[in-house]
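Heads up, the thing below is written out as C-alpha cells.
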Amino acid sequence: MATLFDGAGWDGEDRTEASDDKLYLDIDGWEGPLDLLLDLARRQKVDLRGISILELVDAYLTYIEEAKSLRLELAADYLVMAAWLAYLKSALLLPRDEAEDPSPEELALRLQLRLQRLGAMREAAARLMARDRLGRDVFVRGAPEGLRVDRKSAWQCSWLDLVRAYGDIKVRSQPAVHRVRERMVMTLDSAIARVSAMLGIAIDWMELREFLPPAHDAWANPQLRRSALASSFVAALELARTGKLELAQDETFGPLRLRAAPR
Amino acid sequence: MTEPDEIVRAVEATVFAAHEPLTPAQIGVHLGLGDKAGAVDRALADLQAHYGARGVHLVERGGRWHFETAADLAHLLRREKEDVRRLSRAATEVLAIVAYHEPVSRAEIEAIRGVQTAKGTLDVLMEAGWVRVAGRREVPGRPVIYATTPVFLDHFGLGSLKELPGLDELRAAGLLDPVDDDLIGDTLAGQKRVSD
Amino acid sequence: MTEPDEIVRAVEATVFAAHEPLTPAQIGVHLGLGDKAGAVDRALADLQAHYGARGVHLVERGGRWHFETAADLAHLLRREKEDVRRLSRAATEVLAIVAYHEPVSRAEIEAIRGVQTAKGTLDVLMEAGWVRVAGRREVPGRPVIYATTPVFLDHFGLGSLKELPGLDELRAAGLLDPVDDDLIGDTLAGQKRVSD
C-alpha cells in the first residue's frame with residue numbers, strides 16, 4: 001500500500017517539492033480540507049496506516065492558524081474541519097469517556113480510512129492517466145475504409161395483384177351504362193280491360209289471383225305472372241277508385257277479394 | 001516466418017496509424033531513420049510480402065504506401081441488405097397500366113387511373129427495375145413515356161406482355177370484383193350493370 | 001504460420017476497415033455468419049495471436065474488438081500535436097472514482113473527495129465520452145448515478161473494468177467499500193457538513 005503514495009503526482013502536477021514555508025501560498029490549489037490533510041500526511045513520508053493522527057491534526061491546525069494570521073480568506077470548510085480536528089485532538093488526549101459513541105479512536109480511524117481512500121483514488125487516477133492511451137500512445141487505423149450497409153428494397157408484387165389492379169381500374173373508370181332489358185309484361189291497360197271484363201260475368205267475390213290468365217304456355221313464366229299480378233292489383237285499385245268494383249281483405253296479407261260494385 | 005524486427009514493426013504501425021498514404025521518406029523521417037532509408041524500403045517489402053496472403057494488403061500507389069482491404073474482400077466493405085417490401089396499391093395500379101398500355105406517359109397513366117400519380121410511384125417502379133423510360137412521345141410537350149423491362153417479365157413469369165389476361169378472361173376467372181349478375185334475375189327492376 | 005482461412009481473412013478485413021470497434025456478434029452479422037458465431041470467436045483468437053508479435057495489435061475492449069498500434073512503439077509514434085485533452089486534477093480524480101466505484105452518485109464522489117464537485121467536472125468527462133449517466137439509484141431522492149463507457153475502456157486500453165490498475169489490492173484493503181459515513185457531520189451536528 002505504501003506504493004500508492006510515492007512517485008510523481010498526477011497528469012504532470014507534483015507538489016511534493018513545495019517547501020513548507022510557502023505552503024500557505026498554495027491554499028487556492030487545494031480543493032478542500034481532506035485534500036490539505038492528505039497533503040500534510042504525505043509530507044510525513046509514511047504510510048497513511050501508520051500515520052499519527054495527532055501529529056496530523058497539529059500540522060493542520062498550525063497551518064490554518066498561520067494562514068489566518070496572513071489574512072488569507074479561508075473557506076468555511078477549512079475552519080469547520082479545523083474545529084472538528086481540535087475537538088478530535090482534545091478527545092484523544094483527555095481521559096476516555098466510555099459512554100461516548102463513536103469513540104475518539106474510532107473517529108481517528110475513520111479519518112485515516114478516508115484519507116486512505118482519497119489517496120488511493122488519487123494514485124489510481126495518476127496510474128490511469130499514465131497508461132498507454134489511445135490517440136497519445138497507441139493509435140487506431142488512421143484511414144479506415146469504413147463498413148457500409150446499403151439497404152435496398154426488394155419489391156414484391158404478384159401476378160394476381162397486378163392483373164386484379166388493372167381490372168379494378170377498368171371497372172372503376174368505365175362510365176356505368178344502365179340498360180333495361182325488354183321483357184314480357186302485362187300492361188296496366190290490358191289488366192284493366194281483363195279485370196273489367198271478368199267482373200262483368202262474376203256473381204260473387206273473387207280473389208285477385210283468379211283474375212290472372214291460366215298458367216300455361218307463355219303465362220307459365222313466373223316473371224310474367226308476377227307482372228300480371230302487379231298490374232291486376234293496380235287495375236283493381238284503379239277500378240275501385242272509379243267506383244266500378246269493391247275490395248275486401250279480411251286480414252293483413254290475407255287474400256284480396258273483388259266484386260262488381262252494386263249498381 | 002520469423003518475428004518482425006523493430007524497424008518492420010515501427011513501419012507497420014506508422015503506416016497503419018497514418019491518416020494518408022506515406023512515402024518511404026516520410027516514414028523514415030517520422031521514425032527518425034533519416035540515414036537508413038534503405039531500412040524503410042526493406043521493411044515495406046517485408047510487410048508487403050507478409051500481408052500478401054492476408055485480409056488486408058499493404059499497397060503502393062504512386063510511391064505512397066497504405067493498407068487497404070484485400071481486393072477479393074472489397075465486397076465486405078459495402079454490403080447490401082434487402083428489405084422485402086410489398087408494392088403499394090397505387091404503385092401496383094401504375095405498374096399494371098404501364099404493362100397493359102405501354103409505352104405510356106404519366107399524363108396517360110393519370111387519365112386511366114383517374115387520380116394523380118405521385119412522381120415517387122414511378123421512381124419506386126424504376127428502382128424495382130420493372131419500369132424504364134422508353135423515350136419521349138413526339139407530341140407537344142414531348143412527354144416522357146414509360147415501358148416495362150425484361151426484369152418485369154421475369155418477375156411475373158411472363159413470356160411477353162401478350163400473355164397478360166384480357167378483362168373478359170379476368171372476369172371469367174372470377175378475378176374482378178364480383179358484379180351482381182346473380183341478383184339481376186329475380187329483381188323486378190331487372191337492371192343490369194354493363195361493364196364492357 | 002499457415003495461411004489464414006477465408007473466415008479469418010474476412011474478419012481481419014472487417015475489423016481493419018471498421019470505423020468503430022466491433023463485437024463478435026456485429027462481425028458475424030456483417031459477414032452473414034449469424035449461425036456460426038463460434039467461427040468469429042475462433043478467427044479473432046487466431047488473429048490476436050498472429051498480431052501479438054507485430055507492430056499492430058488486435059485488442060478487445062469491453063467485448064469489442066479493434067486494431068491499434070503496439071504500446072511499446074509509443075515512443076516512436078507519439079504525436080507532437082497532442083490530441084489528448086489535458087484534464088484538471090479534479091477531473092482525473094472524479095474519473096478514477098467513477099471507474100473504481102461505478103455506478104456512483106455525485107454525493108458519493110463528493111464523500112470520497114471531501115469537497116463539492118463542480119457540475120462542470122462531470123460534464124467534461126461526459127463530453128470526452130468517458131462517463132455516462134447510468135440511471136438513478138432507487139433510494140430517497142433518486143440520485144443520478146454515473147458509470148464509465150466503452151470509449152473509456154478503449155482510451156485507457158482496458159479490456160474491462162477488472163483490468164483497472166490496483167483494483168484487487170484496493171478492494172482487499174477495503175478502500176472501495178461504499179462510503180456512507182459522514183465523519184464530521186456525525187460529531188458536529190448543526191454545523192456545515194463537509195462531504196455533501
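Scheme for the C-alpha cells: letters A, B, ... for chains in order shown; per-chain residue numbers from 1; ligand numbers from 1 in order shown.
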Would you write out, as CSV, a table of all residues in chain C that have an atom no more than 6 Å from an atom of chain A, listing for each the closest atom pair and the distance in Å to one decimal, considering only C-alpha atoms and ordering rows by chain and rising residue number?
residue,atom,partner,partner_atom,distance
C:Ala17,CA,A:Pro144,CA,4.8
C:Ala18,CA,A:Gly146,CA,4.6
C:His19,CA,A:Gly146,CA,5.2
C:Glu68,CA,A:Val140,CA,4.4
C:Thr69,CA,A:Val138,CA,5.2
C:Ala71,CA,A:Val138,CA,5.7
C:Ala74,CA,A:Asp137,CA,4.6
C:Arg78,CA,A:Asp137,CA,5.5
C:Thr92,CA,A:Ala125,CA,5.6
C:Glu93,CA,A:Ala125,CA,5.5
C:Ala96,CA,A:Ala125,CA,5.0
C:Ile112,CA,A:Leu118,CA,5.9
C:Arg113,CA,A:Leu118,CA,6.0
C:Gly114,CA,A:Leu34,CA,5.6
C:Val115,CA,A:Gly32,CA,5.4
C:His155,CA,A:Leu134,CA,4.6
C:Phe156,CA,A:Arg133,CA,4.9
C:Leu175,CA,A:Arg117,CA,5.2
At most 8 Å to chain C: residues in chain B, only C-alpha atoms, as a VMD selection string | chain B and resid 1 3 to 4 8 to 14 16 to 17 30 to 31 53 to 56 68 to 70 73 76 to 77 79
So which bits of segment 42-118 of chain B end up strand (DSSP E or B) when you DSSP the backbone, as a PyMOL selection string?
-> chain B and resi 56-61+64-69+78-86+104-105
Looking at only C-alpha atoms, which of A:Leu54, A:Leu61, A:Leu94, A:Leu258 is the one that sits closest to Gly200 of chain A?
-> A:Leu258
Find the spatial neighbours of Thr23 of chain C, counting only C-alpha atoms, within a cut-off of 8 Å - ignore same-chain residues fewer than 6 positions away - and output them as a PyMOL selection string.
-> chain C and resi 63-65
What is the atom CA of Arg61 of chain B to atom CA of Leu44 of chain B distance in Å?
-> 13.0 Å
Within 8 Å of Gln156 of chain A using only C-alpha atoms, minus same-chain residues under 3 positions, as a list in words = Val84, Arg85, Arg86 and Leu87 of chain B
Would you output that residue set with all heavy atoms, as a PDB file, in the first residue's frame?
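In the end it all went to again.pdb:
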ATOM      1  N   VAL B  84     -37.562  -6.826 -47.915  1.00  0.00           N
ATOM      2  CA  VAL B  84     -38.653  -7.185 -48.812  1.00  0.00           C
ATOM      3  C   VAL B  84     -39.861  -6.319 -48.474  1.00  0.00           C
ATOM      4  O   VAL B  84     -40.287  -6.276 -47.323  1.00  0.00           O
ATOM      5  CB  VAL B  84     -39.002  -8.676 -48.682  1.00  0.00           C
ATOM      6  CG1 VAL B  84     -40.220  -9.006 -49.519  1.00  0.00           C
ATOM      7  CG2 VAL B  84     -37.815  -9.519 -49.099  1.00  0.00           C
ATOM      8  N   ARG B  85     -40.340  -5.606 -49.480  1.00  0.00           N
ATOM      9  CA  ARG B  85     -41.485  -4.716 -49.219  1.00  0.00           C
ATOM     10  C   ARG B  85     -42.543  -4.951 -50.275  1.00  0.00           C
ATOM     11  O   ARG B  85     -42.244  -5.179 -51.438  1.00  0.00           O
ATOM     12  CB  ARG B  85     -41.027  -3.257 -49.251  1.00  0.00           C
ATOM     13  CG  ARG B  85     -40.100  -2.940 -48.109  1.00  0.00           C
ATOM     14  CD  ARG B  85     -39.503  -1.574 -48.272  1.00  0.00           C
ATOM     15  NE  ARG B  85     -40.500  -0.527 -48.215  1.00  0.00           N
ATOM     16  CZ  ARG B  85     -40.217   0.757 -48.420  1.00  0.00           C
ATOM     17  NH1 ARG B  85     -38.999   1.125 -48.722  1.00  0.00           N
ATOM     18  NH2 ARG B  85     -41.159   1.664 -48.334  1.00  0.00           N
ATOM     19  N   ARG B  86     -43.758  -4.881 -49.828  1.00  0.00           N
ATOM     20  CA  ARG B  86     -44.870  -5.111 -50.723  1.00  0.00           C
ATOM     21  C   ARG B  86     -45.171  -3.813 -51.457  1.00  0.00           C
ATOM     22  O   ARG B  86     -45.198  -2.742 -50.871  1.00  0.00           O
ATOM     23  CB  ARG B  86     -46.082  -5.534 -49.897  1.00  0.00           C
ATOM     24  CG  ARG B  86     -47.126  -6.229 -50.692  1.00  0.00           C
ATOM     25  CD  ARG B  86     -48.290  -6.616 -49.778  1.00  0.00           C
ATOM     26  NE  ARG B  86     -49.445  -6.977 -50.593  1.00  0.00           N
ATOM     27  CZ  ARG B  86     -49.539  -8.155 -51.202  1.00  0.00           C
ATOM     28  NH1 ARG B  86     -48.602  -9.036 -51.066  1.00  0.00           N
ATOM     29  NH2 ARG B  86     -50.591  -8.419 -51.958  1.00  0.00           N
ATOM     30  N   LEU B  87     -45.387  -3.933 -52.744  1.00  0.00           N
ATOM     31  CA  LEU B  87     -45.692  -2.763 -53.552  1.00  0.00           C
ATOM     32  C   LEU B  87     -47.022  -2.169 -53.098  1.00  0.00           C
ATOM     33  O   LEU B  87     -47.975  -2.900 -52.842  1.00  0.00           O
ATOM     34  CB  LEU B  87     -45.775  -3.209 -55.014  1.00  0.00           C
ATOM     35  CG  LEU B  87     -45.398  -2.212 -56.092  1.00  0.00           C
ATOM     36  CD1 LEU B  87     -43.989  -1.684 -55.869  1.00  0.00           C
ATOM     37  CD2 LEU B  87     -45.493  -2.870 -57.454  1.00  0.00           C
TER      38      LEU B  87
END
Could you pull out the alpha helix (DSSP H) residues of segment 19-130 of chain C from DSSP and send them as a ChimeraX atom specification?
-> /C:24-30,37-51,74-77,89-101,106-113,119-127
Skipping near chain neighbours, those fewer than 4 positions away, what residues fall within 12 Å of Glu108 of chain B using only C-alpha atoms, listed as JSON, numbers by chain?
-> {"B": [94, 97, 98, 101, 102, 103, 104, 112, 113, 114, 115, 116, 117, 137, 143, 144, 145, 146]}
May I ask for the distance between atom CA of Leu256 of chain A and atom CA of Ala230 of chain A, given in Å to one decimal place?
->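 Atom CA of Leu256 of chain A sits 12.6 Å away from atom CA of Ala230 of chain A.
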Atom CA of Leu58 of chain B to atom CA of Ala45 of chain B, distance in Å rounded to a single decimal =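 Atom-to-atom, atom CA of Leu58 of chain B to atom CA of Ala45 of chain B, that is 9.2 Å.
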